[in-house]
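Have a look at run_0.cif below; it lists mmCIF, C-alpha atoms (C1' of nucleotides).
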```
data_start
loop_
_atom_site.group_PDB
_atom_site.id
_atom_site.type_symbol
_atom_site.label_atom_id
_atom_site.label_comp_id
_atom_site.auth_asym_id
_atom_site.auth_seq_id
_atom_site.Cartn_x
_atom_site.Cartn_y
_atom_site.Cartn_z
ATOM 1 C CA MET A 245 2.350 3.393 -3.151
ATOM 2 C CA PRO A 246 5.233 1.216 -3.134
ATOM 3 C CA GLU A 247 5.700 -2.410 -3.853
ATOM 4 C CA LEU A 248 9.019 -4.148 -4.298
ATOM 5 C CA PRO A 249 10.015 -2.446 -7.587
ATOM 6 C CA GLU A 250 9.264 1.032 -6.236
ATOM 7 C CA VAL A 251 11.180 0.350 -3.021
ATOM 8 C CA GLU A 252 14.109 -1.034 -4.998
ATOM 9 C CA THR A 253 14.055 2.073 -7.192
ATOM 10 C CA VAL A 254 14.197 4.216 -4.067
ATOM 11 C CA ARG A 255 17.043 2.113 -2.671
ATOM 12 C CA ARG A 256 19.054 2.670 -5.818
ATOM 13 C CA GLY A 257 18.439 6.386 -5.579
ATOM 14 C CA LEU A 258 19.487 6.575 -1.935
ATOM 15 C CA GLN A 259 22.555 4.377 -2.211
ATOM 16 C CA PRO A 260 24.916 6.880 -3.869
ATOM 17 C CA VAL A 261 24.036 9.677 -1.442
ATOM 18 C CA MET A 262 23.811 7.658 1.763
ATOM 19 C CA GLU A 263 26.513 5.020 1.546
ATOM 20 C CA GLY A 264 29.690 6.291 3.118
ATOM 21 C CA ALA A 265 28.031 9.517 4.258
ATOM 22 C CA ARG A 266 27.373 10.625 7.839
ATOM 23 C CA PHE A 267 24.143 12.021 9.275
ATOM 24 C CA VAL A 268 25.147 15.587 10.155
ATOM 25 C CA ARG A 269 21.663 16.685 11.185
ATOM 26 C CA VAL A 270 18.375 14.832 11.331
ATOM 27 C CA GLU A 271 14.969 16.498 11.576
ATOM 28 C CA ALA A 272 11.938 14.549 12.766
ATOM 29 C CA ARG A 273 9.224 17.124 12.238
ATOM 30 C CA ARG A 274 6.448 15.380 14.131
ATOM 31 C CA PRO A 275 6.396 12.783 16.937
ATOM 32 C CA ASP A 276 5.193 9.886 14.847
ATOM 33 C CA LEU A 277 4.414 8.427 11.476
ATOM 34 C CA ARG A 278 2.352 5.265 11.648
ATOM 35 C CA PHE A 279 4.114 4.582 14.957
ATOM 36 C CA PRO A 280 5.967 6.951 17.262
ATOM 37 C CA PHE A 281 9.588 7.459 16.272
ATOM 38 C CA PRO A 282 11.989 5.322 18.316
ATOM 39 C CA LYS A 283 13.292 6.781 21.565
ATOM 40 C CA ASN A 284 16.105 9.287 20.941
ATOM 41 C CA PHE A 285 15.685 8.740 17.202
ATOM 42 C CA VAL A 286 17.576 11.861 16.165
ATOM 43 C CA ASP A 287 20.405 11.347 18.655
ATOM 44 C CA ARG A 288 20.886 7.750 17.605
ATOM 45 C CA LEU A 289 21.352 8.825 13.975
ATOM 46 C CA GLU A 290 23.308 12.056 14.157
ATOM 47 C CA GLY A 291 27.043 11.457 13.839
ATOM 48 C CA GLN A 292 26.605 7.927 12.509
ATOM 49 C CA THR A 293 27.926 6.862 9.114
ATOM 50 C CA VAL A 294 25.910 4.722 6.716
ATOM 51 C CA SER A 295 27.863 1.665 5.641
ATOM 52 C CA GLY A 296 25.271 0.300 3.235
ATOM 53 C CA ILE A 297 21.648 0.448 2.193
ATOM 54 C CA GLY A 298 19.748 -2.704 1.400
ATOM 55 C CA ARG A 299 16.207 -3.889 0.934
ATOM 56 C CA ARG A 300 14.166 -6.774 2.306
ATOM 57 C CA ALA A 301 10.744 -7.073 0.672
ATOM 58 C CA LYS A 302 9.284 -3.554 0.938
ATOM 59 C CA TYR A 303 11.634 -2.479 3.744
ATOM 60 C CA LEU A 304 14.676 -0.287 3.264
ATOM 61 C CA LEU A 305 17.532 -1.121 5.625
ATOM 62 C CA ALA A 306 20.386 1.311 6.235
ATOM 63 C CA ASP A 307 23.301 -0.052 8.255
ATOM 64 C CA ILE A 308 24.887 2.595 10.437
ATOM 65 C CA SER A 309 28.173 2.743 12.323
ATOM 66 C CA SER A 310 26.614 2.328 15.774
ATOM 67 C CA GLY A 311 25.671 -1.241 14.878
ATOM 68 C CA GLU A 312 22.029 -0.395 14.421
ATOM 69 C CA VAL A 313 19.921 -0.664 11.290
ATOM 70 C CA LEU A 314 17.575 2.120 10.259
ATOM 71 C CA LEU A 315 14.495 0.310 8.948
ATOM 72 C CA MET A 316 12.243 2.419 6.745
ATOM 73 C CA HIS A 317 8.872 1.505 5.324
ATOM 74 C CA LEU A 318 7.045 3.693 2.813
ATOM 75 C CA GLY A 319 3.510 2.575 3.620
ATOM 76 C CA MET A 320 1.068 3.637 0.913
ATOM 77 C CA SER A 321 2.266 7.136 0.174
ATOM 78 C CA GLY A 322 5.857 7.502 1.390
ATOM 79 C CA SER A 323 8.603 8.853 -0.856
ATOM 80 C CA PHE A 324 12.152 10.089 -0.577
ATOM 81 C CA HIS A 325 13.558 13.025 -2.423
ATOM 82 C CA VAL A 326 17.228 13.859 -2.676
ATOM 83 C CA LEU A 327 18.627 17.314 -3.215
ATOM 84 C CA HIS A 328 22.090 18.700 -2.789
ATOM 85 C CA GLU A 329 22.460 21.643 -0.434
ATOM 86 C CA SER A 330 23.624 23.768 -3.299
ATOM 87 C CA ASP A 331 20.459 22.923 -5.261
ATOM 88 C CA ALA A 332 18.016 24.010 -2.586
ATOM 89 C CA ALA A 333 16.964 27.102 -4.509
ATOM 90 C CA THR A 334 16.463 25.337 -7.826
ATOM 91 C CA PRO A 335 13.026 26.183 -9.243
ATOM 92 C CA GLY A 336 10.734 23.230 -9.763
ATOM 93 C CA ASP A 337 11.971 21.094 -6.912
ATOM 94 C CA PHE A 338 8.911 19.419 -5.503
ATOM 95 C CA HIS A 339 10.323 19.027 -2.005
ATOM 96 C CA TYR A 340 12.528 21.305 -0.013
ATOM 97 C CA GLN A 341 11.933 24.049 -2.518
ATOM 98 C CA ARG A 342 14.008 27.103 -1.696
ATOM 99 C CA GLY A 343 14.750 25.479 1.621
ATOM 100 C CA LYS A 344 11.090 25.279 2.581
ATOM 101 C CA LEU A 345 9.492 21.997 3.471
ATOM 102 C CA SER A 346 6.009 21.044 2.414
ATOM 103 C CA ALA A 347 3.311 19.869 4.786
ATOM 104 C CA HIS A 348 4.061 16.167 4.644
ATOM 105 C CA ASP A 349 7.846 16.300 4.674
ATOM 106 C CA HIS A 350 8.190 14.534 8.011
ATOM 107 C CA VAL A 351 11.881 13.602 8.159
ATOM 108 C CA VAL A 352 14.956 15.323 6.735
ATOM 109 C CA PHE A 353 18.453 13.820 6.668
ATOM 110 C CA HIS A 354 21.302 16.290 6.178
ATOM 111 C CA MET A 355 24.266 14.200 5.072
ATOM 112 C CA SER A 356 27.988 14.983 5.336
ATOM 113 C CA ASN A 357 28.304 14.941 1.528
ATOM 114 C CA GLY A 358 25.812 17.815 1.243
ATOM 115 C CA ALA A 359 22.840 15.636 0.277
ATOM 116 C CA VAL A 360 19.515 16.694 1.782
ATOM 117 C CA ILE A 361 17.182 13.697 1.866
ATOM 118 C CA THR A 362 13.506 14.347 2.600
ATOM 119 C CA PHE A 363 10.915 11.749 3.549
ATOM 120 C CA ASN A 364 7.400 12.771 2.545
ATOM 121 C CA ASP A 365 4.335 10.731 3.495
ATOM 122 C CA PRO A 366 0.836 12.294 3.351
ATOM 123 C CA ARG A 367 -1.044 9.303 4.698
ATOM 124 C CA ARG A 368 1.566 8.394 7.309
ATOM 125 C CA PHE A 369 1.272 4.655 6.884
ATOM 126 C CA GLY A 370 5.053 4.566 6.656
ATOM 127 C CA TYR A 371 7.426 4.316 9.593
ATOM 128 C CA MET A 372 11.029 4.220 10.721
ATOM 129 C CA LYS A 373 12.591 1.978 13.330
ATOM 130 C CA LEU A 374 16.072 1.445 14.733
ATOM 131 C CA ILE A 375 17.039 -2.142 15.439
ATOM 132 C CA ARG A 376 20.353 -3.684 16.472
ATOM 133 C CA ARG A 377 21.861 -5.346 13.420
ATOM 134 C CA ASP A 378 22.263 -8.686 15.190
ATOM 135 C CA GLU A 379 18.605 -8.633 16.222
ATOM 136 C CA LEU A 380 17.168 -7.679 12.854
ATOM 137 C CA ASP A 381 16.214 -11.202 11.837
ATOM 138 C CA LYS A 382 14.308 -11.605 15.091
ATOM 139 C CA ASP A 383 12.307 -8.441 14.588
ATOM 140 C CA PRO A 384 8.671 -9.512 14.235
ATOM 141 C CA MET A 385 8.211 -7.496 11.051
ATOM 142 C CA ILE A 386 11.213 -9.092 9.358
ATOM 143 C CA GLU A 387 10.913 -12.553 10.836
ATOM 144 C CA ALA A 388 7.432 -13.075 9.428
ATOM 145 C CA LEU A 389 8.493 -12.383 5.836
ATOM 146 C CA GLY A 390 8.493 -15.122 3.238
ATOM 147 C CA PRO A 391 11.089 -15.556 0.497
ATOM 148 C CA GLU A 392 12.490 -12.712 -1.578
ATOM 149 C CA PRO A 393 10.942 -13.273 -5.020
ATOM 150 C CA LEU A 394 14.046 -12.153 -6.918
ATOM 151 C CA GLY A 395 16.312 -14.375 -4.832
ATOM 152 C CA ASN A 396 17.894 -17.449 -6.401
ATOM 153 C CA ALA A 397 16.102 -19.785 -4.023
ATOM 154 C CA PHE A 398 12.640 -18.628 -5.062
ATOM 155 C CA ASP A 399 11.077 -20.923 -7.639
ATOM 156 C CA GLY A 400 7.975 -22.940 -8.401
ATOM 157 C CA ALA A 401 8.803 -25.538 -5.770
ATOM 158 C CA MET A 402 9.075 -22.944 -3.040
ATOM 159 C CA LEU A 403 5.898 -21.195 -4.135
ATOM 160 C CA ALA A 404 3.991 -24.467 -4.370
ATOM 161 C CA ALA A 405 5.119 -25.503 -0.907
ATOM 162 C CA ALA A 406 3.916 -22.184 0.522
ATOM 163 C CA CYS A 407 0.537 -22.430 -1.221
ATOM 164 C CA ALA A 408 -0.060 -26.081 -0.438
ATOM 165 C CA GLY A 409 -3.209 -26.591 1.573
ATOM 166 C CA LYS A 410 -4.220 -22.919 1.327
ATOM 167 C CA LYS A 411 -7.943 -22.605 0.852
ATOM 168 C CA THR A 412 -7.712 -18.900 0.122
ATOM 169 C CA SER A 413 -7.549 -17.405 -3.381
ATOM 170 C CA LEU A 414 -4.310 -17.102 -5.332
ATOM 171 C CA LYS A 415 -4.777 -13.335 -5.217
ATOM 172 C CA ALA A 416 -4.865 -13.343 -1.422
ATOM 173 C CA ALA A 417 -2.016 -15.846 -1.175
ATOM 174 C CA LEU A 418 0.350 -13.790 -3.341
ATOM 175 C CA SER A 419 -0.602 -10.663 -1.414
ATOM 176 C CA ASP A 420 0.399 -12.414 1.820
ATOM 177 C CA GLN A 421 3.948 -11.335 2.681
ATOM 178 C CA LYS A 422 4.544 -14.633 4.476
ATOM 179 C CA ILE A 423 4.138 -16.596 1.234
ATOM 180 C CA VAL A 424 6.252 -14.327 -0.927
ATOM 181 C CA ALA A 425 7.550 -10.966 0.258
ATOM 182 C CA GLY A 426 7.260 -7.760 -1.693
ATOM 183 C CA LEU A 427 4.253 -8.055 -3.965
ATOM 184 C CA GLY A 428 1.250 -5.764 -3.631
ATOM 185 C CA ASN A 429 -1.971 -5.245 -5.490
ATOM 186 C CA ILE A 430 -0.465 -4.173 -8.814
ATOM 187 C CA TYR A 431 2.185 -6.815 -9.259
ATOM 188 C CA VAL A 432 -0.009 -9.641 -7.994
ATOM 189 C CA CYS A 433 -2.539 -8.777 -10.700
ATOM 190 C CA GLU A 434 0.147 -8.429 -13.359
ATOM 191 C CA ALA A 435 1.983 -11.651 -12.442
ATOM 192 C CA LEU A 436 -1.217 -13.712 -12.417
ATOM 193 C CA HIS A 437 -2.062 -12.386 -15.862
ATOM 194 C CA ARG A 438 1.366 -13.282 -17.244
ATOM 195 C CA ALA A 439 1.002 -16.765 -15.825
ATOM 196 C CA HIS A 440 -2.548 -17.184 -17.227
ATOM 197 C CA LEU A 441 -3.853 -17.989 -13.747
ATOM 198 C CA SER A 442 -7.120 -16.703 -12.331
ATOM 199 C CA PRO A 443 -6.898 -14.619 -9.156
ATOM 200 C CA LYS A 444 -9.965 -16.545 -7.947
ATOM 201 C CA ARG A 445 -8.317 -19.962 -8.191
ATOM 202 C CA GLN A 446 -7.775 -21.663 -4.854
ATOM 203 C CA ALA A 447 -4.108 -21.258 -3.922
ATOM 204 C CA SER A 448 -3.604 -24.926 -3.138
ATOM 205 C CA THR A 449 -4.314 -25.849 -6.762
ATOM 206 C CA ILE A 450 -0.873 -24.748 -7.921
ATOM 207 C CA ALA A 451 0.694 -27.494 -5.788
ATOM 208 C CA THR A 452 0.331 -31.265 -5.842
ATOM 209 C CA ARG A 453 -1.454 -32.920 -2.963
ATOM 210 C CA SER A 454 1.898 -33.477 -1.267
ATOM 211 C CA GLY A 455 2.920 -29.837 -1.783
ATOM 212 C CA ALA A 456 5.305 -30.395 -4.683
ATOM 213 C CA SER A 457 5.677 -28.066 -7.640
ATOM 214 C CA THR A 458 3.528 -28.098 -10.762
ATOM 215 C CA PRO A 459 3.846 -26.399 -14.167
ATOM 216 C CA ARG A 460 1.449 -23.733 -12.878
ATOM 217 C CA ALA A 461 3.654 -22.972 -9.901
ATOM 218 C CA GLY A 462 6.729 -22.814 -12.090
ATOM 219 C CA ALA A 463 5.019 -20.465 -14.532
ATOM 220 C CA LEU A 464 3.791 -18.260 -11.715
ATOM 221 C CA ALA A 465 7.206 -17.985 -10.064
ATOM 222 C CA ASP A 466 8.724 -17.094 -13.449
ATOM 223 C CA ALA A 467 5.984 -14.512 -14.095
ATOM 224 C CA ILE A 468 6.569 -12.889 -10.704
ATOM 225 C CA LYS A 469 10.285 -12.538 -11.363
ATOM 226 C CA ALA A 470 9.729 -11.239 -14.883
ATOM 227 C CA VAL A 471 7.189 -8.590 -13.946
ATOM 228 C CA LEU A 472 9.276 -7.356 -11.009
ATOM 229 C CA ASN A 473 12.427 -7.152 -13.110
ATOM 230 C CA ASP A 474 10.608 -5.307 -15.895
ATOM 231 C CA ALA A 475 9.151 -2.851 -13.392
ATOM 232 C CA ILE A 476 12.496 -2.191 -11.714
ATOM 233 C CA ARG A 477 14.012 -1.530 -15.120
ATOM 234 C CA ALA A 478 11.282 1.068 -15.698
ATOM 235 C CA GLY A 479 11.891 2.825 -12.379
ATOM 236 C CA GLY A 480 8.697 1.429 -10.836
ATOM 237 C CA SER A 481 5.104 2.517 -11.419
ATOM 238 C CA SER A 482 3.896 6.070 -10.791
ATOM 239 C CA LEU A 483 0.177 6.211 -10.187
ATOM 240 C CA ARG A 484 0.078 9.197 -7.886
ATOM 241 C CA ASP A 485 2.824 9.246 -5.281
ATOM 242 C CA HIS A 486 5.760 7.250 -6.481
ATOM 243 C CA ARG A 487 8.714 9.137 -7.823
ATOM 244 C CA GLN A 488 12.321 8.219 -8.075
ATOM 245 C CA THR A 489 14.518 10.036 -5.579
ATOM 246 C CA ASN A 490 15.541 12.543 -8.230
ATOM 247 C CA GLY A 491 11.887 13.449 -8.769
ATOM 248 C CA ASP A 492 11.516 11.516 -12.025
ATOM 249 C CA LEU A 493 8.389 9.459 -12.546
ATOM 250 C CA GLY A 494 8.620 5.708 -12.933
ATOM 251 C CA TYR A 495 6.999 4.574 -16.140
ATOM 252 C CA PHE A 496 6.018 0.930 -15.675
ATOM 253 C CA GLN A 497 2.342 1.982 -15.382
ATOM 254 C CA HIS A 498 2.393 2.359 -19.166
ATOM 255 C CA SER A 499 3.184 -1.348 -19.358
ATOM 256 C CA PHE A 500 0.315 -2.575 -17.203
ATOM 257 C CA SER A 501 -1.600 -5.363 -18.884
ATOM 258 C CA VAL A 502 -4.517 -5.503 -16.462
ATOM 259 C CA TYR A 503 -4.073 -3.196 -13.453
ATOM 260 C CA ASP A 504 -6.560 -0.306 -13.622
ATOM 261 C CA ARG A 505 -7.481 -1.315 -17.159
ATOM 262 C CA ALA A 506 -11.039 -2.591 -16.700
ATOM 263 C CA GLY A 507 -12.966 -2.568 -19.967
ATOM 264 C CA THR A 508 -9.907 -2.598 -22.218
ATOM 265 C CA LYS A 509 -8.912 -5.402 -24.513
ATOM 266 C CA CYS A 510 -6.626 -8.075 -23.103
ATOM 267 C CA PRO A 511 -3.136 -7.535 -24.522
ATOM 268 C CA MET A 512 -2.195 -11.216 -24.402
ATOM 269 C CA PRO A 513 -1.437 -12.372 -27.967
ATOM 270 C CA LYS A 514 -4.402 -14.122 -29.567
ATOM 271 C CA CYS A 515 -6.663 -13.442 -26.557
ATOM 272 C CA ARG A 516 -9.961 -11.717 -27.381
ATOM 273 C CA GLY A 517 -10.938 -11.102 -23.759
ATOM 274 C CA THR A 518 -11.794 -7.878 -21.937
ATOM 275 C CA ILE A 519 -10.168 -6.914 -18.643
ATOM 276 C CA LYS A 520 -12.526 -7.074 -15.695
ATOM 277 C CA ARG A 521 -12.448 -5.541 -12.228
ATOM 278 C CA ILE A 522 -13.688 -7.536 -9.266
ATOM 279 C CA VAL A 523 -13.338 -7.029 -5.519
ATOM 280 C CA GLN A 524 -11.530 -9.594 -3.399
ATOM 281 C CA GLY A 525 -11.277 -8.958 0.309
ATOM 282 C CA THR A 526 -12.135 -5.256 -0.119
ATOM 283 C CA ARG A 527 -9.371 -4.698 -2.710
ATOM 284 C CA SER A 528 -9.698 -4.355 -6.478
ATOM 285 C CA THR A 529 -8.487 -7.191 -8.643
ATOM 286 C CA PHE A 530 -8.012 -6.803 -12.395
ATOM 287 C CA PHE A 531 -7.817 -9.821 -14.669
ATOM 288 C CA CYS A 532 -8.828 -11.309 -17.991
ATOM 289 C CA PRO A 533 -11.517 -13.957 -17.567
ATOM 290 C CA ALA A 534 -10.751 -15.294 -21.049
ATOM 291 C CA CYS A 535 -7.091 -16.251 -20.659
ATOM 292 C CA GLN A 536 -6.644 -16.550 -16.888
ATOM 293 C CA LYS A 537 -7.922 -19.888 -15.647
ATOM 294 C "C1'" DC B 100 -4.211 -21.908 13.167
ATOM 295 C "C1'" DC B 101 -6.962 -19.616 9.315
ATOM 296 C "C1'" DG B 102 -9.534 -16.210 6.693
ATOM 297 C "C1'" DC B 103 -12.190 -12.046 6.658
ATOM 298 C "C1'" DG B 104 -13.496 -7.291 7.616
ATOM 299 C "C1'" DG B 105 -12.432 -2.993 9.681
ATOM 300 C "C1'" DG B 106 -9.366 0.583 10.699
ATOM 301 C "C1'" DC B 107 -5.392 3.629 10.380
ATOM 302 C "C1'" DC B 108 -4.509 8.589 7.467
ATOM 303 C "C1'" DT B 109 -4.871 12.130 3.650
ATOM 304 C "C1'" DG B 110 -5.897 13.510 -1.007
ATOM 305 C "C1'" DA B 111 -7.709 13.042 -5.713
ATOM 306 C "C1'" DG B 112 -11.451 12.606 -8.568
ATOM 307 C "C1'" DA B 113 -16.321 11.839 -9.703
ATOM 308 C "C1'" DG B 114 -20.982 13.176 -9.281
ATOM 309 C "C1'" DC B 115 -24.449 16.234 -7.796
ATOM 310 C "C1'" DT C 184 -17.615 26.624 -6.539
ATOM 311 C "C1'" DG C 185 -18.222 23.290 -3.050
ATOM 312 C "C1'" DC C 186 -20.059 19.528 -0.866
ATOM 313 C "C1'" DT C 187 -20.144 14.327 -0.290
ATOM 314 C "C1'" DC C 188 -18.799 9.961 -1.536
ATOM 315 C "C1'" DT C 189 -15.521 6.482 -3.071
ATOM 316 C "C1'" DC C 190 -11.223 4.864 -3.779
ATOM 317 C "C1'" DA C 191 -6.018 4.435 -3.370
ATOM 318 C "C1'" DG C 192 0.295 0.994 -4.423
ATOM 319 C "C1'" DG C 193 0.195 -1.471 2.923
ATOM 320 C "C1'" DC C 194 -0.329 -3.625 6.970
ATOM 321 C "C1'" DC C 195 -2.067 -4.757 11.832
ATOM 322 C "C1'" DC C 196 -5.606 -6.357 14.775
ATOM 323 C "C1'" DG C 197 -9.550 -8.620 16.486
ATOM 324 C "C1'" DC C 198 -13.310 -11.575 15.503
ATOM 325 C "C1'" DG C 199 -15.548 -15.946 14.491
#
```

Now, as a test, write the supplied structure out as structure tokens.
Amino acid sequence: MPELPEVETVRRGLQPVMEGARFVRVEARRPDLRFPFPKNFVDRLEGQTVSGIGRRAKYLLADISSGEVLLMHLGMSGSFHVLHESDAATPGDFHYQRGKLSAHDHVVFHMSNGAVITFNDPRRFGYMKLIRRDELDKDPMIEALGPEPLGNAFDGAMLAAACAGKKTSLKAALSDQKIVAGLGNIYVCEALHRAHLSPKRQASTIATRSGASTPRAGALADAIKAVLNDAIRAGGSSLRDHRQTNGDLGYFQHSFSVYDRAGTKCPMPKCRGTIKRIVQGTRSTFFCPACQK
DNA sequence: CCGCGGGCCTGAGAGC
DNA sequence: TGCTCTCAGGCCCGCG
């Protein structure tokens, strides 16, 4: 499911119920997700207080009082749902209904403020890790990440430098978390469309020979920021799994220009093109051949 | 080092 | 109804 806007939406939902609260009871209802849970996972969480919850790319990072960070990744189908203990019998709750967990509710956090936070992940591509705060930046998963696209430092120059010399396609380059961290299939397609750049273009062609910025790189960096900010404002995109932590759907999918819109008319003003689906590296790409060059 | 294809899981939807 | 096939928002690994 989740790319940067969905993860950020989840972070904003978890923040008010996790920050300042203590893990009273933690349930890990199976031995693993994508990876086995860390050793003594439950014991290392119970009794600890969350001092803050942040995000790096598609990772959620909860700082806890022991000095460790709880790193959580949603994979393709992970979601969090927050209930209050006193709501557990509310009809219509899609998780933890009447106190009963559904098949893929793998982790439950019972917080000291009464919040019951359930992690659900049918495909189990998600995972949780505990890492010492001072070693987080050296963790291989975090260390390999490129720049945060919504950070101040991210711009055309940075993007051009990362793409310089890359023989691969722009689609593959933007999907590479080392080049820019947090985009996935949807937002790569959408950003390339906004920037009028073809997903098939060789990545190096947005940089000068010496790796400096170009108008294309500047436009692409701006398009990435714009599409991510618009999607966050809409609560992310809900195709099948993503929900906000209160169960609401995100609604950015109604604003897609190209993703999953093969055969429809290109919405770019004055463009008469038709959106096309192609396959790049086993994944679907959607774009307008008329206005993306 | 780089780029590509396969694999990890389950579920939804299409087609027969 | 029910089977089979394809596809899905992510990421790691091994191969050439």

Exercise for the section: Define the interface residues of chain A facing chain C as those within 10 Å, counting only C-alpha atoms (C1' of nucleotides), and report them as a VMD selection string. Expected result: chain A and resid 245 to 247 250 302 317 to 321 369 to 370 421 427 to 431 481 to 486 527 to 528

Exercise for the section: Translate the PyMOL selection byres ((chain B) within 9 of (chain A)), as applied to the file shown, into an explicit residue set as an MDAnalysis selection string. Expected result: chainID B and resid 102:104 107:111

Practice task
Could you jot down the CA of Asp466 (chain A) to CA of Ser454 (chain A) separation for me, Å, one decimal place?
Solution key: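 So the answer is 21.5 Å.
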
Problem - Pairwise distance for CA of Ala439 (chain A) and CA of Gln536 (chain A), rounded to one decimal in Å - result: 7.7 Å

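CA of Arg273 (chain A) to CA of Leu345 (chain A) spans 10.0 Å [interatomic distance, one decimal].
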
Exercise for the section: Name the residues captured by the PyMOL selection byres ((chain A and resi 505) around 9) when it is applied to the shown file; answer as an NGL selection string. Expected result: :A and (500-504 or 506-509 or 519-521 or 530-531)

Would you mind writing region 490-502 of chain A with N, CA and C atoms, as a compact mmCIF listing (two decimals), in the coordinates of the input?
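Final output, selection32.txt:
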```txt
# COMPACT_ATOMS: atom_id res chain seq x y z
N ASN A 490 15.18 11.30 -7.54
CA ASN A 490 15.54 12.54 -8.23
C ASN A 490 14.31 13.28 -8.75
N GLY A 491 13.12 12.78 -8.36
CA GLY A 491 11.89 13.45 -8.77
C GLY A 491 11.29 12.90 -10.05
N ASP A 492 12.06 12.07 -10.78
CA ASP A 492 11.52 11.52 -12.02
C ASP A 492 10.39 10.54 -11.73
N LEU A 493 9.44 10.46 -12.64
CA LEU A 493 8.39 9.46 -12.55
C LEU A 493 8.93 8.10 -12.98
N GLY A 494 8.43 7.03 -12.35
CA GLY A 494 8.62 5.71 -12.93
C GLY A 494 7.67 5.59 -14.11
N TYR A 495 7.90 4.62 -14.99
CA TYR A 495 7.00 4.57 -16.14
C TYR A 495 6.45 3.18 -16.42
N PHE A 496 6.55 2.27 -15.42
CA PHE A 496 6.02 0.93 -15.68
C PHE A 496 4.50 0.93 -15.81
N GLN A 497 3.81 1.94 -15.26
CA GLN A 497 2.34 1.98 -15.38
C GLN A 497 1.90 1.95 -16.85
N HIS A 498 2.76 2.42 -17.74
CA HIS A 498 2.39 2.36 -19.17
C HIS A 498 2.46 0.93 -19.70
N SER A 499 3.06 0.05 -18.93
CA SER A 499 3.18 -1.35 -19.36
C SER A 499 2.19 -2.27 -18.67
N PHE A 500 1.29 -1.71 -17.85
CA PHE A 500 0.32 -2.58 -17.20
C PHE A 500 -0.51 -3.30 -18.26
N SER A 501 -0.72 -4.59 -18.01
CA SER A 501 -1.60 -5.36 -18.88
C SER A 501 -3.03 -5.37 -18.37
N VAL A 502 -3.17 -5.39 -17.03
CA VAL A 502 -4.52 -5.50 -16.46
C VAL A 502 -4.82 -4.45 -15.39
```
